[in-house]
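S.K.: Before I ask anything, let me first share the structure, which is written out below as structure tokens.
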Amino acid sequence: MKTLLTAALAFACILPSSAAQAGDTVLIVLSGEGRDAGKARPGYEMDELAQAWSVFADNGLTVEVASPRGGAVEADRYDPADPFNARLLADAAKTAQLADTRPIDALQAEDYAGVFVVGGKGAMFDLPRDPALARLIGRIAAQGGIVAAVCHGPAALTAVRDAAGRALAAGRAMTGFTNEEEALFGKRWSRQYPFLLEDALRGQEARWSEARPMLPHVVVDGRLITGQNPYSTLGAAEALVRATGRVPVARTPSRDERSLERVQQVLRGEAIAAADALAADIDGHHAALIGMLGYYHLQAASDDAAVADAVAVMRLAEPHFAEPRLQVAIADGEARLGHTASARERLGRVLAAHPQMNEARQLLARIDG
């Protein structure tokens, strides 16, 4: 009996190791398109990679990194001082993986609990045209693994089919970088994309949903997880952690997360509470990000309610973000809402401080014309 028990223990220590490793290992997929920090050819988003990797590591998951061709991969321009990025860049083992990513066609689905596809504009080019990646993701899904993607990362999923030839997206609740976000932020490269992500997934009969531009939005459909944009990365990564059966460890919200929560408070009609929270912790928020979101929401606004929301978001940032272009944008929103006296007064203050500011002069001329 003792011999049999010893043999059984030895067997358990050897054979299940691959299964245990698979249960603890997540594959992160990156675009290999990047050249010249995204200027000559767009790459992957470092912020998304660093945030996802941080969540996985803090929750006991091992990460492997792959790209279609393998080898070194290049990110679009990013801030190396960002806390998530700085943490990754300070880790020699992580940077070594980025310098020599694994080629997709050398991987086996059985080795991974799940796959997380990072976005970035480069993902629209090489990921959906890589048949090895489509096969790998399809096999991970077929074996009950987790398939997750964020921002432009779901482009890789458009090429995935099941054994019957049905699109992975068909009938599934999903999100990704929206047409509206492309119109606001993707003008340079989107004309060269083989397709727009939202159009492709809708065309494959995905049950599409989205939040306002650049607000976090994560959709979970069983073991399929998608995030709308870069600000959805942390939520999507934590959803993957939950899908492994773990409870994500508590963490302090990032500066951007706190800022976006203030925006969402405003949109829920809680502007006073948002202003109080922001004023109480200015250093813990990013007022410029709040102002930028309000500005872009104004560009996308198609009715008075959306214009009013955008103005309210910009006004939240206004006391903490001394930027004349923000003032011009608020005046634009006020004028669109019919508050021309307020708009004129605001533009007058801008021009008194910046008499050569053409945007302010042109808007004032439109209001008076």
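Going through the structure tokens in order, the chains are called A, B, and so on, while each chain numbers its residues from 1 and the ligands are numbered from 1 in the order shown.
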What are the DSSP strand (DSSP E) residues of range 81-197 of chain A, as a list in words?
M.R.: Arg102, Pro103, Gly114, Val115, Phe116, Val117, Ile146, Val147, Ala148, Ala149, Val150, Ala173 and Met174 of chain A
S.K.: Range 175-189 of chain A: which residues within 8 Å, counting only C-alpha atoms, same-chain residues fewer than 3 positions away excluded, as a VMD selection string?
M.R.: chain A and resid 121 150 to 154 192 to 193 196 to 199 208 to 210 213 to 214 217 to 219 226 to 229 296 299 to 300
S.K.: Suppose we keep C-alpha atoms; can you now write the selection as an mmCIF file, in the first residue's frame?
M.R.:
```
data_model
loop_
_atom_site.group_PDB
_atom_site.id
_atom_site.type_symbol
_atom_site.label_atom_id
_atom_site.label_comp_id
_atom_site.auth_asym_id
_atom_site.auth_seq_id
_atom_site.Cartn_x
_atom_site.Cartn_y
_atom_site.Cartn_z
ATOM 1 C CA LYS A 121 -4.162 50.270 -33.526
ATOM 2 C CA VAL A 150 -9.724 44.917 -24.883
ATOM 3 C CA CYS A 151 -9.996 48.012 -27.079
ATOM 4 C CA HIS A 152 -8.904 46.990 -30.614
ATOM 5 C CA GLY A 153 -7.911 43.543 -29.317
ATOM 6 C CA PRO A 154 -11.292 42.000 -30.246
ATOM 7 C CA GLN A 192 -6.309 51.970 -43.563
ATOM 8 C CA TYR A 193 -7.983 49.351 -41.382
ATOM 9 C CA LEU A 196 -14.012 48.915 -38.409
ATOM 10 C CA LEU A 197 -14.204 46.748 -35.314
ATOM 11 C CA GLU A 198 -17.771 47.606 -34.368
ATOM 12 C CA ASP A 199 -18.988 46.993 -37.923
ATOM 13 C CA TRP A 208 -23.012 44.791 -29.224
ATOM 14 C CA SER A 209 -23.072 47.273 -26.354
ATOM 15 C CA GLU A 210 -21.074 50.391 -25.566
ATOM 16 C CA PRO A 213 -16.524 57.448 -25.580
ATOM 17 C CA MET A 214 -13.552 56.478 -23.432
ATOM 18 C CA HIS A 217 -17.171 49.291 -20.176
ATOM 19 C CA VAL A 218 -16.603 45.548 -19.778
ATOM 20 C CA VAL A 219 -18.913 42.861 -21.146
ATOM 21 C CA THR A 226 -14.369 42.152 -23.895
ATOM 22 C CA GLY A 227 -13.474 45.715 -22.885
ATOM 23 C CA GLN A 228 -14.411 48.779 -24.913
ATOM 24 C CA ASN A 229 -11.322 50.967 -24.725
ATOM 25 C CA TYR A 296 -14.661 64.852 -26.794
ATOM 26 C CA GLN A 299 -17.726 66.667 -30.230
ATOM 27 C CA ALA A 300 -19.801 63.484 -30.272
#
```
S.K.: Which residues are near range 328-336 of chain A? Cut-off 12 Å, only C-alpha atoms, ignore same chain within fewer than 6 positions. Put them as a PyMOL selection string.
M.R.: chain A and resi 291-318+322+342-351+354+357-368
S.K.: Which residues are near range 52-66 of chain A? Cut-off 6 Å, only C-alpha atoms, ignore same chain within fewer than 3 positions. Put them as a ChimeraX atom specification.
M.R.: /A:24-29,49,101-103,237
S.K.: Okay, now the selection with all heavy atoms, as a PDB file, in the first residue's frame?
M.R.:
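Result file is again08.pdb:
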```
ATOM      1  N   ASP A  24      -2.905  28.165 -14.255  1.00  0.00           N
ATOM      2  CA  ASP A  24      -2.328  29.368 -13.666  1.00  0.00           C
ATOM      3  C   ASP A  24      -1.674  30.283 -14.690  1.00  0.00           C
ATOM      4  O   ASP A  24      -1.090  31.302 -14.319  1.00  0.00           O
ATOM      5  CB  ASP A  24      -1.270  28.991 -12.624  1.00  0.00           C
ATOM      6  CG  ASP A  24      -1.867  28.345 -11.389  1.00  0.00           C
ATOM      7  OD1 ASP A  24      -3.033  28.636 -11.086  1.00  0.00           O
ATOM      8  OD2 ASP A  24      -1.173  27.554 -10.735  1.00  0.00           O
ATOM      9  N   THR A  25      -1.753  29.950 -15.962  1.00  0.00           N
ATOM     10  CA  THR A  25      -1.021  30.692 -16.984  1.00  0.00           C
ATOM     11  C   THR A  25      -1.977  31.375 -17.955  1.00  0.00           C
ATOM     12  O   THR A  25      -2.893  30.743 -18.489  1.00  0.00           O
ATOM     13  CB  THR A  25      -0.075  29.767 -17.768  1.00  0.00           C
ATOM     14  OG1 THR A  25       0.816  29.126 -16.845  1.00  0.00           O
ATOM     15  CG2 THR A  25       0.745  30.550 -18.781  1.00  0.00           C
ATOM     16  N   VAL A  26      -1.744  32.653 -18.161  1.00  0.00           N
ATOM     17  CA  VAL A  26      -2.508  33.445 -19.115  1.00  0.00           C
ATOM     18  C   VAL A  26      -1.568  33.878 -20.238  1.00  0.00           C
ATOM     19  O   VAL A  26      -0.454  34.346 -19.977  1.00  0.00           O
ATOM     20  CB  VAL A  26      -3.128  34.683 -18.448  1.00  0.00           C
ATOM     21  CG1 VAL A  26      -3.806  35.578 -19.474  1.00  0.00           C
ATOM     22  CG2 VAL A  26      -4.131  34.260 -17.382  1.00  0.00           C
ATOM     23  N   LEU A  27      -2.032  33.740 -21.443  1.00  0.00           N
ATOM     24  CA  LEU A  27      -1.280  34.205 -22.594  1.00  0.00           C
ATOM     25  C   LEU A  27      -1.736  35.606 -22.963  1.00  0.00           C
ATOM     26  O   LEU A  27      -2.921  35.838 -23.208  1.00  0.00           O
ATOM     27  CB  LEU A  27      -1.504  33.274 -23.792  1.00  0.00           C
ATOM     28  CG  LEU A  27      -0.762  33.671 -25.078  1.00  0.00           C
ATOM     29  CD1 LEU A  27       0.742  33.491 -24.898  1.00  0.00           C
ATOM     30  CD2 LEU A  27      -1.276  32.864 -26.265  1.00  0.00           C
ATOM     31  N   ILE A  28      -0.818  36.549 -22.984  1.00  0.00           N
ATOM     32  CA  ILE A  28      -1.104  37.899 -23.473  1.00  0.00           C
ATOM     33  C   ILE A  28      -0.615  37.995 -24.911  1.00  0.00           C
ATOM     34  O   ILE A  28       0.545  37.686 -25.196  1.00  0.00           O
ATOM     35  CB  ILE A  28      -0.435  38.973 -22.607  1.00  0.00           C
ATOM     36  CG1 ILE A  28      -1.077  39.022 -21.225  1.00  0.00           C
ATOM     37  CG2 ILE A  28      -0.531  40.337 -23.270  1.00  0.00           C
ATOM     38  CD1 ILE A  28      -0.499  40.101 -20.308  1.00  0.00           C
ATOM     39  N   VAL A  29      -1.502  38.406 -25.796  1.00  0.00           N
ATOM     40  CA  VAL A  29      -1.168  38.533 -27.215  1.00  0.00           C
ATOM     41  C   VAL A  29      -1.028  40.007 -27.572  1.00  0.00           C
ATOM     42  O   VAL A  29      -1.893  40.826 -27.248  1.00  0.00           O
ATOM     43  CB  VAL A  29      -2.250  37.874 -28.093  1.00  0.00           C
ATOM     44  CG1 VAL A  29      -1.992  38.143 -29.578  1.00  0.00           C
ATOM     45  CG2 VAL A  29      -2.293  36.372 -27.831  1.00  0.00           C
ATOM     46  N   LEU A  49      -1.164  46.701 -21.753  1.00  0.00           N
ATOM     47  CA  LEU A  49      -0.321  45.564 -21.381  1.00  0.00           C
ATOM     48  C   LEU A  49       0.079  45.653 -19.917  1.00  0.00           C
ATOM     49  O   LEU A  49      -0.056  44.680 -19.163  1.00  0.00           O
ATOM     50  CB  LEU A  49       0.929  45.536 -22.258  1.00  0.00           C
ATOM     51  CG  LEU A  49       2.026  44.564 -21.807  1.00  0.00           C
ATOM     52  CD1 LEU A  49       1.553  43.128 -21.911  1.00  0.00           C
ATOM     53  CD2 LEU A  49       3.303  44.784 -22.609  1.00  0.00           C
ATOM     54  N   THR A 101       9.123  37.882 -27.681  1.00  0.00           N
ATOM     55  CA  THR A 101       7.809  37.262 -27.530  1.00  0.00           C
ATOM     56  C   THR A 101       7.758  35.923 -28.261  1.00  0.00           C
ATOM     57  O   THR A 101       8.470  35.696 -29.240  1.00  0.00           O
ATOM     58  CB  THR A 101       6.706  38.175 -28.079  1.00  0.00           C
ATOM     59  OG1 THR A 101       6.904  38.370 -29.481  1.00  0.00           O
ATOM     60  CG2 THR A 101       6.705  39.522 -27.375  1.00  0.00           C
ATOM     61  N   ARG A 102       6.875  35.062 -27.802  1.00  0.00           N
ATOM     62  CA  ARG A 102       6.762  33.742 -28.412  1.00  0.00           C
ATOM     63  C   ARG A 102       5.933  33.831 -29.697  1.00  0.00           C
ATOM     64  O   ARG A 102       4.930  34.543 -29.735  1.00  0.00           O
ATOM     65  CB  ARG A 102       6.100  32.776 -27.433  1.00  0.00           C
ATOM     66  CG  ARG A 102       6.860  32.628 -26.120  1.00  0.00           C
ATOM     67  CD  ARG A 102       6.324  31.478 -25.312  1.00  0.00           C
ATOM     68  NE  ARG A 102       6.570  30.207 -25.991  1.00  0.00           N
ATOM     69  CZ  ARG A 102       6.080  29.033 -25.580  1.00  0.00           C
ATOM     70  NH1 ARG A 102       5.297  28.978 -24.510  1.00  0.00           N
ATOM     71  NH2 ARG A 102       6.344  27.921 -26.255  1.00  0.00           N
ATOM     72  N   PRO A 103       6.333  33.127 -30.741  1.00  0.00           N
ATOM     73  CA  PRO A 103       5.520  33.125 -31.964  1.00  0.00           C
ATOM     74  C   PRO A 103       4.246  32.314 -31.756  1.00  0.00           C
ATOM     75  O   PRO A 103       4.271  31.236 -31.152  1.00  0.00           O
ATOM     76  CB  PRO A 103       6.438  32.474 -32.996  1.00  0.00           C
ATOM     77  CG  PRO A 103       7.388  31.642 -32.204  1.00  0.00           C
ATOM     78  CD  PRO A 103       7.570  32.332 -30.886  1.00  0.00           C
ATOM     79  N   ALA A 237      -9.297  42.737 -17.142  1.00  0.00           N
ATOM     80  CA  ALA A 237      -8.307  41.837 -16.552  1.00  0.00           C
ATOM     81  C   ALA A 237      -8.848  41.219 -15.263  1.00  0.00           C
ATOM     82  O   ALA A 237      -8.667  40.019 -15.004  1.00  0.00           O
ATOM     83  CB  ALA A 237      -7.012  42.592 -16.288  1.00  0.00           C
TER      84      ALA A 237
END
```
S.K.: Ranking A:Leu168, A:Ala113, A:Ala106, A:Leu30 by minimum distance to Phe125 in chain A and counting only C-alpha atoms, which one comes first?
M.R.: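 The closest residue to Phe125 in chain A is A:Leu30.
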S.K.: Would you compute the distance between CA of Leu267 in chain A and CA of Arg212 in chain A? Give it in Å to one decimal.
M.R.: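 Atom-to-atom, CA of Leu267 in chain A and CA of Arg212 in chain A are spaced 10.1 Å apart.
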S.K.: Separation of CA of Phe84 in chain A and CA of Met46 in chain A, in Å?
M.R.: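 For CA of Phe84 in chain A relative to CA of Met46 in chain A, the distance reads 9.3 Å.
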S.K.: Name the closest residue to Ala200 in chain A among the candidates A:Val241, A:Met124, A:Arg268, A:Ser259; distances are taken between atoms, counting only C-alpha atoms.
M.R.: A:Met124
S.K.: Which of these, A:Leu133, A:Gly122, A:Arg207, A:His320, has the shortest distance to Ala280 in chain A once you count only C-alpha atoms?
M.R.: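 The closest residue to Ala280 in chain A is A:His320.
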S.K.: Using DSSP on the backbone coordinates, identify the residues of range 224-318 of chain A assigned to helix (DSSP H, G or I); present them as an MDAnalysis selection string.
M.R.: chainID A and resid 230:243 255:267 271:280 282:284 287:300 304:318
